[in-house]
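K.L.:
My structure file input22.tsv, TSV, C-alpha atoms and all ligand atoms, is below:
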chain	number	residue	atom	x	y	z
Z	28	MET	CA	-41.14	74.02	27.35
Z	29	SER	CA	-42.71	75.54	24.26
Z	30	ASP	CA	-43.02	79.30	24.30
Z	31	THR	CA	-43.49	79.45	20.53
Z	32	THR	CA	-46.21	81.81	19.36
Z	33	PHE	CA	-47.77	82.50	15.97
Z	34	THR	CA	-49.28	85.83	14.91
Z	35	LEU	CA	-52.94	86.16	14.04
Z	36	ASN	CA	-54.14	88.47	11.27
Z	37	THR	CA	-55.26	90.85	14.04
Z	38	GLY	CA	-51.63	91.24	15.12
Z	39	ALA	CA	-52.24	89.33	18.38
Z	40	LYS	CA	-49.95	86.48	19.36
Z	41	ILE	CA	-51.36	82.99	19.83
Z	42	PRO	CA	-49.34	80.39	21.75
Z	43	ALA	CA	-48.54	77.44	19.47
Z	44	VAL	CA	-49.67	74.88	22.06
Z	45	GLY	CA	-52.95	75.16	23.93
Z	46	LEU	CA	-54.74	72.84	26.35
Z	47	GLY	CA	-57.85	71.12	24.92
Z	48	THR	CA	-60.84	70.65	27.21
Z	49	TRP	CA	-63.26	68.45	25.23
Z	50	GLN	CA	-64.23	65.31	27.17
Z	51	SER	CA	-62.39	66.61	30.23
Z	52	ASP	CA	-64.91	65.67	32.85
Z	53	PRO	CA	-66.28	68.00	35.47
Z	54	GLY	CA	-64.43	66.90	38.57
Z	55	GLN	CA	-61.16	66.74	36.64
Z	56	VAL	CA	-61.01	69.72	34.36
Z	57	ARG	CA	-60.60	72.43	36.99
Z	58	ALA	CA	-57.43	70.79	38.29
Z	59	ALA	CA	-56.22	70.11	34.75
Z	60	VAL	CA	-56.58	73.73	33.65
Z	61	ALA	CA	-55.03	75.09	36.85
Z	62	HIS	CA	-52.14	72.63	36.55
Z	63	ALA	CA	-51.62	73.56	32.91
Z	64	ILE	CA	-51.34	77.26	33.67
Z	65	LYS	CA	-48.94	76.58	36.54
Z	66	ALA	CA	-46.91	74.33	34.23
Z	67	GLY	CA	-46.56	77.10	31.64
Z	68	TYR	CA	-49.57	76.88	29.31
Z	69	ARG	CA	-50.80	80.29	28.18
Z	70	HIS	CA	-53.58	79.06	25.90
Z	71	ILE	CA	-56.78	77.15	26.75
Z	72	ASP	CA	-59.28	75.89	24.15
Z	73	CYS	CA	-62.88	75.75	25.37
Z	74	ALA	CA	-66.37	75.42	23.92
Z	75	TYR	CA	-69.91	75.93	25.11
Z	76	CYS	CA	-70.87	72.42	23.98
Z	77	TYR	CA	-68.19	70.79	26.15
Z	78	GLY	CA	-70.49	71.46	29.10
Z	79	ASN	CA	-67.60	72.18	31.45
Z	80	GLU	CA	-66.92	75.90	31.08
Z	81	ASP	CA	-67.85	76.61	34.73
Z	82	GLU	CA	-65.06	74.36	35.91
Z	83	VAL	CA	-62.67	75.51	33.21
Z	84	GLY	CA	-63.29	79.07	34.45
Z	85	GLN	CA	-62.50	78.03	38.02
Z	86	GLY	CA	-59.30	76.37	36.80
Z	87	ILE	CA	-58.28	79.52	34.91
Z	88	LYS	CA	-58.80	81.67	38.02
Z	89	GLU	CA	-56.91	79.24	40.24
Z	90	GLY	CA	-54.07	78.86	37.75
Z	91	LEU	CA	-53.66	82.60	37.20
Z	92	GLU	CA	-53.59	83.28	40.95
Z	93	ALA	CA	-51.10	80.48	41.63
Z	94	ALA	CA	-48.81	81.57	38.79
Z	95	GLY	CA	-49.10	85.28	39.61
Z	96	LEU	CA	-50.48	86.05	36.15
Z	97	LYS	CA	-53.07	88.47	34.78
Z	98	ARG	CA	-55.98	87.65	32.48
Z	99	SER	CA	-54.13	89.35	29.65
Z	100	ASP	CA	-51.24	86.88	30.03
Z	101	ILE	CA	-53.31	84.00	28.66
Z	102	PHE	CA	-55.15	83.30	25.42
Z	103	ILE	CA	-58.66	81.86	25.74
Z	104	THR	CA	-60.77	80.51	22.88
Z	105	THR	CA	-64.39	79.44	23.02
Z	106	LYS	CA	-66.90	78.43	20.37
Z	107	LEU	CA	-70.43	79.12	19.24
Z	108	TRP	CA	-72.50	75.94	19.33
Z	109	CYS	CA	-74.61	74.84	16.36
Z	110	THR	CA	-77.99	75.37	18.06
Z	111	TYR	CA	-77.10	79.04	18.64
Z	112	HIS	CA	-76.37	80.19	15.09
Z	113	THR	CA	-79.38	82.49	15.27
Z	114	ARG	CA	-78.47	83.64	18.82
Z	115	VAL	CA	-74.77	84.36	18.56
Z	116	GLU	CA	-74.30	86.98	21.28
Z	117	GLU	CA	-76.53	85.06	23.68
Z	118	ASN	CA	-74.31	81.98	23.39
Z	119	LEU	CA	-71.14	84.06	23.80
Z	120	ASP	CA	-72.57	85.66	26.94
Z	121	MET	CA	-73.36	82.20	28.34
Z	122	SER	CA	-69.76	81.10	27.79
Z	123	LEU	CA	-68.31	84.30	29.25
Z	124	LYS	CA	-70.49	83.96	32.35
Z	125	SER	CA	-69.48	80.32	32.88
Z	126	LEU	CA	-65.81	81.07	32.29
Z	127	GLY	CA	-65.92	84.11	34.58
Z	128	LEU	CA	-64.38	86.29	31.87
Z	129	ASP	CA	-65.38	89.56	30.28
Z	130	TYR	CA	-63.78	88.72	26.93
Z	131	VAL	CA	-62.28	85.86	24.96
Z	132	ASP	CA	-59.24	86.16	22.73
Z	133	LEU	CA	-60.82	84.11	19.96
Z	134	TYR	CA	-64.44	83.16	19.24
Z	135	LEU	CA	-64.99	80.40	16.71
Z	136	MET	CA	-68.04	79.12	14.84
Z	137	HIS	CA	-67.74	75.51	16.04
Z	138	TRP	CA	-69.17	73.88	12.87
Z	139	PRO	CA	-70.56	75.34	9.63
Z	140	VAL	CA	-73.85	73.70	10.56
Z	141	ALA	CA	-76.81	75.58	12.03
Z	142	MET	CA	-78.92	73.22	14.11
Z	143	ASN	CA	-82.48	73.56	15.32
Z	144	PRO	CA	-82.40	76.10	18.19
Z	145	GLU	CA	-84.99	74.13	20.12
Z	146	GLY	CA	-82.30	71.88	21.52
Z	147	ASN	CA	-79.68	69.32	20.83
Z	148	HIS	CA	-80.08	66.38	18.54
Z	149	ASP	CA	-80.81	63.83	21.28
Z	150	LYS	CA	-84.19	65.47	21.76
Z	151	PHE	CA	-85.26	65.00	18.15
Z	152	PRO	CA	-86.96	61.71	17.35
Z	153	LYS	CA	-85.68	59.86	14.36
Z	154	LYS	CA	-87.83	59.86	11.22
Z	155	PRO	CA	-88.66	56.51	9.58
Z	156	ASP	CA	-85.63	56.83	7.31
Z	157	GLY	CA	-83.38	57.22	10.35
Z	158	SER	CA	-82.62	60.92	9.82
Z	159	ARG	CA	-83.57	63.80	12.12
Z	160	ASP	CA	-84.74	67.35	11.41
Z	161	LEU	CA	-81.68	68.89	12.92
Z	162	ILE	CA	-80.27	71.21	10.35
Z	163	LEU	CA	-81.46	74.74	9.65
Z	164	GLU	CA	-81.21	76.24	6.18
Z	165	ARG	CA	-79.24	79.19	7.60
Z	166	LYS	CA	-75.93	79.69	5.82
Z	167	PRO	CA	-72.63	79.93	7.75
Z	168	VAL	CA	-72.03	83.37	6.19
Z	169	ASP	CA	-75.10	84.79	7.96
Z	170	THR	CA	-73.93	83.43	11.30
Z	171	TYR	CA	-70.44	84.77	10.64
Z	172	LYS	CA	-71.82	88.26	9.94
Z	173	ASP	CA	-73.40	88.21	13.40
Z	174	MET	CA	-70.02	87.16	14.80
Z	175	GLU	CA	-68.39	90.15	13.06
Z	176	LYS	CA	-70.68	92.45	15.07
Z	177	LEU	CA	-69.23	91.01	18.28
Z	178	LEU	CA	-65.89	92.65	17.52
Z	179	GLN	CA	-67.48	96.04	18.33
Z	180	THR	CA	-68.60	94.85	21.78
Z	181	GLY	CA	-65.12	94.19	23.19
Z	182	LYS	CA	-66.28	90.73	24.26
Z	183	VAL	CA	-64.15	89.03	21.58
Z	184	LYS	CA	-60.70	90.09	20.40
Z	185	ALA	CA	-60.81	87.97	17.24
Z	186	ILE	CA	-63.25	85.74	15.42
Z	187	GLY	CA	-62.76	82.62	13.37
Z	188	VAL	CA	-64.21	79.33	12.24
Z	189	SER	CA	-63.82	75.62	12.87
Z	190	ASN	CA	-64.36	72.56	10.72
Z	191	PHE	CA	-64.34	74.67	7.56
Z	192	SER	CA	-63.17	72.93	4.40
Z	193	LYS	CA	-61.58	74.92	1.57
Z	194	THR	CA	-64.99	74.92	-0.12
Z	195	PHE	CA	-66.67	76.48	2.91
Z	196	LEU	CA	-63.91	79.10	3.16
Z	197	GLU	CA	-64.22	79.93	-0.52
Z	198	GLN	CA	-67.94	80.50	-0.03
Z	199	LEU	CA	-67.38	82.62	3.09
Z	200	LEU	CA	-64.46	84.91	2.29
Z	201	PRO	CA	-65.91	86.95	-0.62
Z	202	ASN	CA	-69.02	87.71	1.43
Z	203	VAL	CA	-67.60	88.90	4.75
Z	204	SER	CA	-65.63	91.94	5.94
Z	205	VAL	CA	-63.33	90.25	8.45
Z	206	VAL	CA	-61.07	87.38	7.36
Z	207	PRO	CA	-61.31	84.67	10.03
Z	208	ALA	CA	-58.27	84.77	12.31
Z	209	ALA	CA	-58.24	80.98	12.64
Z	210	ASN	CA	-59.73	77.76	11.32
Z	211	GLN	CA	-59.70	74.93	13.88
Z	212	ILE	CA	-59.80	71.56	12.12
Z	213	GLU	CA	-59.03	67.94	12.81
Z	214	ASN	CA	-55.37	67.63	11.96
Z	215	HIS	CA	-52.72	64.99	12.48
Z	216	PRO	CA	-50.59	62.75	10.25
Z	217	LEU	CA	-53.60	60.53	9.48
Z	218	LEU	CA	-55.60	63.58	8.30
Z	219	PRO	CA	-53.12	66.34	7.38
Z	220	GLN	CA	-55.68	68.26	5.26
Z	221	GLN	CA	-52.78	69.94	3.48
Z	222	GLU	CA	-55.07	71.62	0.94
Z	223	VAL	CA	-56.97	73.43	3.72
Z	224	VAL	CA	-53.74	74.24	5.56
Z	225	ASP	CA	-52.19	75.72	2.39
Z	226	TYR	CA	-55.34	77.70	1.55
Z	227	CYS	CA	-55.51	79.14	5.08
Z	228	LYS	CA	-51.85	80.12	4.93
Z	229	GLU	CA	-52.44	81.91	1.62
Z	230	LYS	CA	-55.36	83.84	3.15
Z	231	GLY	CA	-53.62	84.69	6.45
Z	232	ILE	CA	-55.76	82.32	8.53
Z	233	ILE	CA	-54.00	80.42	11.32
Z	234	VAL	CA	-54.79	76.71	11.37
Z	235	GLU	CA	-55.39	75.10	14.74
Z	236	ALA	CA	-55.08	71.31	14.98
Z	237	TYR	CA	-57.70	69.58	17.03
Z	238	SER	CA	-57.19	65.97	18.08
Z	239	PRO	CA	-53.46	66.54	17.38
Z	240	LEU	CA	-52.56	63.33	19.18
Z	241	GLY	CA	-55.23	61.29	17.40
Z	242	SER	CA	-57.91	61.80	20.09
Z	243	THR	CA	-58.96	59.27	22.72
Z	244	GLY	CA	-57.40	55.84	22.17
Z	245	SER	CA	-55.15	57.31	19.49
Z	246	PRO	CA	-54.17	54.93	16.70
Z	247	LEU	CA	-51.33	57.32	15.87
Z	248	MET	CA	-49.20	56.86	18.96
Z	249	LYS	CA	-48.28	53.34	17.86
Z	250	LYS	CA	-47.62	54.04	14.19
Z	251	GLU	CA	-44.15	52.84	13.26
Z	252	ALA	CA	-43.16	56.14	11.68
Z	253	VAL	CA	-44.06	57.97	14.90
Z	254	THR	CA	-42.28	55.58	17.27
Z	255	LYS	CA	-39.22	55.50	14.98
Z	256	VAL	CA	-38.88	59.28	14.97
Z	257	ALA	CA	-39.53	59.30	18.73
Z	258	GLU	CA	-36.62	56.89	19.26
Z	259	GLU	CA	-34.32	58.89	16.96
Z	260	VAL	CA	-35.06	62.14	18.80
Z	261	GLY	CA	-35.27	60.63	22.29
Z	262	ALA	CA	-38.76	62.03	22.84
Z	263	SER	CA	-42.23	60.54	23.38
Z	264	PRO	CA	-44.62	59.81	20.48
Z	265	GLY	CA	-46.86	62.60	21.83
Z	266	THR	CA	-44.03	65.11	21.62
Z	267	ILE	CA	-43.32	64.04	18.04
Z	268	LEU	CA	-46.95	64.50	16.99
Z	269	LEU	CA	-47.20	67.94	18.60
Z	270	SER	CA	-43.84	69.02	17.15
Z	271	TYR	CA	-45.09	67.98	13.68
Z	272	HIS	CA	-47.85	70.62	13.93
Z	273	VAL	CA	-45.67	73.39	15.25
Z	274	ALA	CA	-43.11	72.75	12.48
Z	275	ARG	CA	-45.93	73.24	9.91
Z	276	GLY	CA	-47.00	76.55	11.49
Z	277	VAL	CA	-50.11	74.92	12.94
Z	278	VAL	CA	-51.32	75.50	16.50
Z	279	ALA	CA	-51.66	72.21	18.46
Z	280	LEU	CA	-54.41	71.71	21.04
Z	281	PRO	CA	-53.64	68.54	23.04
Z	282	LYS	CA	-56.20	67.56	25.66
Z	283	SER	CA	-55.17	65.86	28.87
Z	284	VAL	CA	-56.38	65.66	32.45
Z	285	THR	CA	-53.23	63.80	33.53
Z	286	PRO	CA	-50.68	66.13	35.18
Z	287	SER	CA	-47.58	64.36	33.79
Z	288	ARG	CA	-49.03	64.40	30.23
Z	289	ILE	CA	-50.11	68.02	30.55
Z	290	GLU	CA	-46.48	68.86	31.32
Z	291	GLU	CA	-45.07	66.57	28.63
Z	292	ASN	CA	-47.30	68.08	25.96
Z	293	LEU	CA	-45.57	71.43	26.30
Z	294	LYS	CA	-42.31	69.92	25.04
Z	295	ILE	CA	-41.69	70.72	21.39
Z	296	VAL	CA	-38.62	69.39	19.59
Z	297	LYS	CA	-37.06	70.27	16.24
Z	298	LEU	CA	-37.67	67.64	13.59
Z	299	SER	CA	-35.53	67.24	10.47
Z	300	SER	CA	-37.07	67.51	7.02
Z	301	GLU	CA	-36.61	63.72	6.64
Z	302	GLN	CA	-38.48	63.09	9.88
Z	303	LEU	CA	-41.31	65.43	8.86
Z	304	ALA	CA	-41.50	63.67	5.49
Z	305	ALA	CA	-41.73	60.28	7.25
Z	306	LEU	CA	-44.64	61.55	9.36
Z	307	ASP	CA	-46.30	63.02	6.27
Z	308	LYS	CA	-46.24	59.61	4.62
Z	309	ILE	CA	-48.47	58.03	7.29
Z	310	HIS	CA	-51.71	59.08	5.58
Z	311	GLU	CA	-50.64	57.70	2.22
Z	312	SER	CA	-52.04	54.28	3.08
Z	313	GLY	CA	-55.39	55.92	3.89
Z	314	THR	CA	-56.60	59.03	5.67
Z	315	GLN	CA	-58.60	58.57	8.84
Z	316	ARG	CA	-61.05	61.01	10.39
Z	317	LEU	CA	-61.28	60.39	14.11
Z	318	VAL	CA	-63.92	62.94	15.14
Z	319	TYR	CA	-67.17	62.47	13.28
Z	320	PRO	CA	-70.34	63.81	14.89
Z	321	GLU	CA	-73.66	62.33	13.86
Z	322	PHE	CA	-74.82	65.53	12.19
Z	323	GLY	CA	-71.95	65.07	9.73
Z	324	ILE	CA	-73.98	62.31	8.14
Z	325	ASN	CA	-77.15	64.42	8.01
Z	326	PHE	CA	-75.20	67.30	6.56
Z	327	GLY	CA	-73.73	65.26	3.77
Z	328	PHE	CA	-70.15	65.02	4.99
Z	329	PRO	CA	-68.32	62.27	3.17
Z	330	ASP	CA	-67.40	58.87	4.49
Z	331	LYS	CA	-65.82	59.24	7.91
Z	332	ASN	CA	-62.59	57.60	6.88
Z	333	HIS	CA	-61.84	59.83	3.96
Z	334	GLY	CA	-61.29	63.43	3.16
Z	335	VAL	CA	-62.30	66.58	4.91
Z	336	ALA	CA	-65.55	68.22	5.95
Z	337	HIS	CA	-67.07	69.21	2.65
Z	338	SER	CA	-69.94	71.51	1.92
Z	339	ALA	CA	-73.36	70.05	1.28
Z	340	ALA	CA	-73.47	72.66	-1.46
Z	341	GLY	CA	-70.82	71.12	-3.64
Z	342	ALA	CA	-67.77	69.56	-2.16
Z	343	ALA	CA	-64.30	69.55	-3.59
K	1	LIG	P1	-56.19	64.68	21.59
K	1	LIG	O1	-55.60	64.35	20.27
K	1	LIG	O2	-55.71	65.87	22.31
K	1	LIG	O3	-56.07	63.39	22.50
K	1	LIG	C1	-56.56	63.35	23.81
K	1	LIG	C2	-56.33	61.94	24.34
K	1	LIG	O4	-54.93	61.66	24.42
K	1	LIG	C3	-56.86	61.78	25.75
K	1	LIG	O5	-57.35	60.46	25.85
K	1	LIG	C4	-55.63	61.98	26.63
K	1	LIG	O6	-55.76	61.24	27.84
K	1	LIG	C5	-54.54	61.38	25.75
K	1	LIG	N1	-53.22	62.01	25.93
K	1	LIG	C6	-52.96	63.32	26.09
K	1	LIG	N2	-51.64	63.55	26.16
K	1	LIG	C7	-51.04	62.34	26.03
K	1	LIG	C8	-49.69	61.92	26.03
K	1	LIG	N3	-48.70	62.79	26.15
K	1	LIG	N4	-49.42	60.58	25.88
K	1	LIG	C9	-50.43	59.71	25.74
K	1	LIG	N5	-51.74	60.05	25.72
K	1	LIG	C10	-52.04	61.36	25.87
K	1	LIG	O7	-57.77	64.69	21.36
K	1	LIG	P2	-59.03	65.62	21.43
K	1	LIG	O8	-59.97	65.02	20.48
K	1	LIG	O9	-59.44	65.88	22.82
K	1	LIG	O10	-58.56	67.02	20.80
K	1	LIG	C11	-57.91	68.01	21.54
K	1	LIG	C12	-58.74	69.25	21.72
K	1	LIG	O11	-59.11	69.81	20.46
K	1	LIG	C13	-60.08	69.03	22.41
K	1	LIG	O12	-59.95	68.78	23.78
K	1	LIG	C14	-60.80	70.30	22.05
K	1	LIG	O13	-60.36	71.38	22.85
K	1	LIG	C15	-60.38	70.47	20.60
K	1	LIG	N6	-61.35	69.84	19.66
K	1	LIG	C16	-62.09	70.65	18.85
K	1	LIG	C17	-63.01	70.15	17.97
K	1	LIG	C18	-63.78	71.05	17.09
K	1	LIG	O14	-64.77	70.61	16.49
K	1	LIG	N7	-63.39	72.31	16.96
K	1	LIG	C19	-63.25	68.70	17.86
K	1	LIG	C20	-62.39	67.90	18.72
K	1	LIG	C21	-61.48	68.48	19.57
K	1	LIG	P3	-55.89	61.90	29.32
K	1	LIG	O15	-56.74	63.13	29.23
K	1	LIG	O16	-56.53	60.79	30.08
K	1	LIG	O17	-54.48	62.19	29.77
K	2	LIG	C1	-68.95	67.34	18.09
K	2	LIG	C2	-67.55	67.34	18.67
K	2	LIG	C3	-67.15	68.67	19.12
K	2	LIG	C4	-65.81	68.67	19.70
K	2	LIG	O1	-65.24	69.96	19.58
Take the structure in the file and give it back as structure tokens.
Ligand code: NDP
Ligand code: 1BO

P.N.:
Amino acid sequence: MSDTTFTLNTGAKIPAVGLGTWQSDPGQVRAAVAHAIKAGYRHIDCAYCYGNEDEVGQGIKEGLEAAGLKRSDIFITTKLWCTYHTRVEENLDMSLKSLGLDYVDLYLMHWPVAMNPEGNHDKFPKKPDGSRDLILERKPVDTYKDMEKLLQTGKVKAIGVSNFSKTFLEQLLPNVSVVPAANQIENHPLLPQQEVVDYCKEKGIIVEAYSPLGSTGSPLMKKEAVTKVAEEVGASPGTILLSYHVARGVVALPKSVTPSRIEENLKIVKLSSEQLAALDKIHESGTQRLVYPEFGINFGFPDKNHGVAHSAAGAA
């Protein structure tokens, strides 16, 4: 069982493996979160936009009681949704209420994209050219400055960002007082984003890997390099992928609602430098982005199969 932790720039410890909760359906996620805590997880990754924070909160309560733990024994992250960039504290309060918590350990800006506060994109009719008026002109730095104010409230212990490319970070850092504690990005051997990982390391920002297993229907699990290393080590492909992140100093956030997988995903093994190099080679025949929301197109993100989330204002 992994009890590895990394240290945030606030001095707080963050467990290297956390349970993801995106696409964990109401009706399943309470049991999944409770099971995870009982199985040894001390880190849960949530978000307002996942629409399941009520149940996640129930699972946290149940898991803590069953395991005889206190709130302070676990690390909880949630995220500001795009339609709330002009209403930061309001969205945090909504998440805290749903989760049944009075603080989160980490509060992330989910995407560097401010969307129309009137609602989500489904409510906006398409214009003749197929686009929608979704995106506000508001810059991520202005939203982040509002997030900085939350640190005085005691409702967040640390703040950070998500889906920030190096370009976005370079625009943000000179203009803010608090260096983000974390940057949560899509990360796996098909999209290692080494440039962002290296830049974050240089600036003292912990990288968190979302979709570390390759997300739903993962194409990664069957890659020859992954199955070969799995056979060599005597571990599952999932364990190999999660161990790849931890070896790179990256937090891994596997999602599962299946009890046996929840348990398995806590197993981290040591990989040799040759094995890590073999995994690193996977992307050489082409990177692949697996999570690509529709607003990425509107915002000028590049082709979904290549590269990282770049800034509309001049990508690397
Ligand atoms: P993952 O890479 O965690 O993959 C989840 C899928 O893998 C599910 O279908 C799950 O099935 C399956 N699975 C889990 N464990 C195993 C295993 N050991 N063997 C085989 N299959 C397995 O994908 P996600 O995209 O969900 O990413 C993880 C988390 O990252 C999210 O839940 C969320 O918390 C965060 N995230 C953040 C984003 C952001 O923008 N900041 C974007 C995307 C994700 P099952 O559940 O049925 O067991
Ligand atoms: C738009 C996808 C968000 C998952 O975190």

K.L.:
Distance table requested - chain Z against ligand LIG 2 (chain K), cut-off 9 Å, only C-alpha atoms and all ligand atoms: one row per qualifying residue with the closest atom pair and its distance in Å to one decimal, ordered by chain and rising residue number, as JSON lines.

P.N.:
{"residue": "Z:Thr48", "atom": "CA", "partner": "K:LIG2", "partner_atom": "O1", "distance": 8.8}
{"residue": "Z:Trp49", "atom": "CA", "partner": "K:LIG2", "partner_atom": "C4", "distance": 6.1}
{"residue": "Z:Gln50", "atom": "CA", "partner": "K:LIG2", "partner_atom": "C4", "distance": 8.3}
{"residue": "Z:Cys73", "atom": "CA", "partner": "K:LIG2", "partner_atom": "O1", "distance": 8.5}
{"residue": "Z:Ala74", "atom": "CA", "partner": "K:LIG2", "partner_atom": "O1", "distance": 7.1}
{"residue": "Z:Cys76", "atom": "CA", "partner": "K:LIG2", "partner_atom": "C3", "distance": 7.2}
{"residue": "Z:Tyr77", "atom": "CA", "partner": "K:LIG2", "partner_atom": "C4", "distance": 7.2}
{"residue": "Z:Lys106", "atom": "CA", "partner": "K:LIG2", "partner_atom": "O1", "distance": 8.7}
{"residue": "Z:His137", "atom": "CA", "partner": "K:LIG2", "partner_atom": "O1", "distance": 7.0}
{"residue": "Z:Trp138", "atom": "CA", "partner": "K:LIG2", "partner_atom": "C1", "distance": 8.4}
{"residue": "Z:Ser189", "atom": "CA", "partner": "K:LIG2", "partner_atom": "O1", "distance": 8.9}
{"residue": "Z:Tyr237", "atom": "CA", "partner": "K:LIG2", "partner_atom": "O1", "distance": 8.0}
{"residue": "Z:Val318", "atom": "CA", "partner": "K:LIG2", "partner_atom": "C2", "distance": 6.7}
{"residue": "Z:Tyr319", "atom": "CA", "partner": "K:LIG2", "partner_atom": "C1", "distance": 7.1}
{"residue": "Z:Pro320", "atom": "CA", "partner": "K:LIG2", "partner_atom": "C1", "distance": 5.0}
{"residue": "Z:Glu321", "atom": "CA", "partner": "K:LIG2", "partner_atom": "C1", "distance": 8.1}
{"residue": "Z:Phe322", "atom": "CA", "partner": "K:LIG2", "partner_atom": "C1", "distance": 8.5}

K.L.:
Could you check which of Z:Thr110, Z:Asn143, Z:Thr105, Z:Ser125 is closest to ligand LIG 1 (chain K), using all atoms listed in the file?

P.N.:
Z:Thr105

K.L.:
If you count all atoms listed in the file, which residues fall within 8 Å of Ser283 of chain Z, apart from same-chain ones fewer than 3 positions away, as a list in words?

P.N.:
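What passes the distance filter is Leu46, Gly47, Thr48, Ser51, Ala59, Pro286, Arg288 and Ile289 of chain Z.
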
K.L.:
Those residues with C-alpha atoms, as a PDB file, in the frame of the given file please?

P.N.:
ATOM      1  CA  LEU Z  46     -54.740  72.840  26.350  1.00  0.00           C
ATOM      2  CA  GLY Z  47     -57.850  71.120  24.920  1.00  0.00           C
ATOM      3  CA  THR Z  48     -60.840  70.650  27.210  1.00  0.00           C
ATOM      4  CA  SER Z  51     -62.390  66.610  30.230  1.00  0.00           C
ATOM      5  CA  ALA Z  59     -56.220  70.110  34.750  1.00  0.00           C
ATOM      6  CA  PRO Z 286     -50.680  66.130  35.180  1.00  0.00           C
ATOM      7  CA  ARG Z 288     -49.030  64.400  30.230  1.00  0.00           C
ATOM      8  CA  ILE Z 289     -50.110  68.020  30.550  1.00  0.00           C
TER       9      ILE Z 289
END

K.L.:
Can you measure atom CA of Val223 of chain Z to atom P2 of ligand LIG 1 (chain K) for me? One decimal in Å is fine.

P.N.:
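Atom-to-atom, atom CA of Val223 of chain Z and atom P2 of ligand LIG 1 (chain K) are spaced 19.5 Å apart.
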
K.L.:
Residues within 9 Å of Gly181 of chain Z, please, as a PDB file with C-alpha atoms, keeping the file's coordinate frame. Count only C-alpha atoms; anything in the same chain fewer than 6 positions from it doesn't count.

P.N.:
ATOM      1  CA  ASP Z 129     -65.380  89.560  30.280  1.00  0.00           C
ATOM      2  CA  TYR Z 130     -63.780  88.720  26.930  1.00  0.00           C
ATOM      3  CA  VAL Z 131     -62.280  85.860  24.960  1.00  0.00           C
TER       4      VAL Z 131
END

K.L.:
Enter the distance from atom CA of Ser245 of chain Z to atom N5 of ligand LIG 1 (chain K), in Å, rounded to one decimal.

P.N.:
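A separation of 7.6 Å between them.
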
K.L.:
Distance atom CA of Leu247 of chain Z-atom C19 of ligand LIG 1 (chain K), one decimal place?

P.N.:
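Between these atoms lies a distance of 16.6 Å.
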
K.L.:
I'd like to know which of Z:Ser238, Z:Gln198, Z:Ser300, Z:Thr31 is closest to ligand LIG 1 (chain K), using only C-alpha atoms and all ligand atoms.

P.N.:
Z:Ser238

K.L.:
With all atoms listed in the file as the basis for distance, which of Z:Pro139, Z:Ile295, Z:Ile162, Z:Lys250 is at the shortest distance from Phe195 of chain Z?

P.N.:
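With all atoms listed in the file as the atom set, the closest residue is Z:Pro139.
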
K.L.:
Between Z:Leu218, Z:Ala305, Z:Ile101, Z:Leu200, single out the one closest to Ala39 of chain Z, counting only C-alpha atoms.

P.N.:
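The closest residue to Ala39 of chain Z is Z:Ile101.
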
K.L.:
Please determine, counting all atoms listed in the file, which residue among Z:Thr254, Z:Asn190, Z:Ser312, Z:Thr34 has the shortest atom-to-atom distance to ligand LIG 1 (chain K).

P.N.:
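The closest residue to ligand LIG 1 (chain K) is Z:Asn190.
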
K.L.:
Smallest atom-to-atom distance to ligand LIG 1 (chain K): which of Z:Leu161, Z:Val234, Z:Cys227, Z:Ile309, using all atoms listed in the file?

P.N.:
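So, comparing all the options, the nearest one is Z:Val234.
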
K.L.:
Find the spatial neighbours of Gly84 of chain Z, counting only C-alpha atoms, within a cut-off of 10 Å - ignore same-chain residues fewer than 5 positions away - and output them as a PyMOL selection string.

P.N.:
chain Z and resi 56-57+60-61+73+79+89-90+122-128

K.L.:
Once 8 Å is added on each side, what centre and edge lengths in Å to one decimal does the axis-aligned box around all listed atoms of ligand LIG 1 (chain K) have, as AutoDock Vina command-line options?

P.N.:
--center_x -56.7 --center_y 66.0 --center_z 23.3 --size_x 32.1 --size_y 28.6 --size_z 29.6

K.L.:
Do a neighbour search on Ile186 of chain Z at 8 Å with only C-alpha atoms, toss out local chain neighbours closer than 6 positions, and write the hits as a list in words.

P.N.:
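Here the qualifying residues turn out to be Leu133, Tyr134, Leu135, Met174, Glu175, Leu178, Pro207, Ala208 and Ala209 of chain Z.
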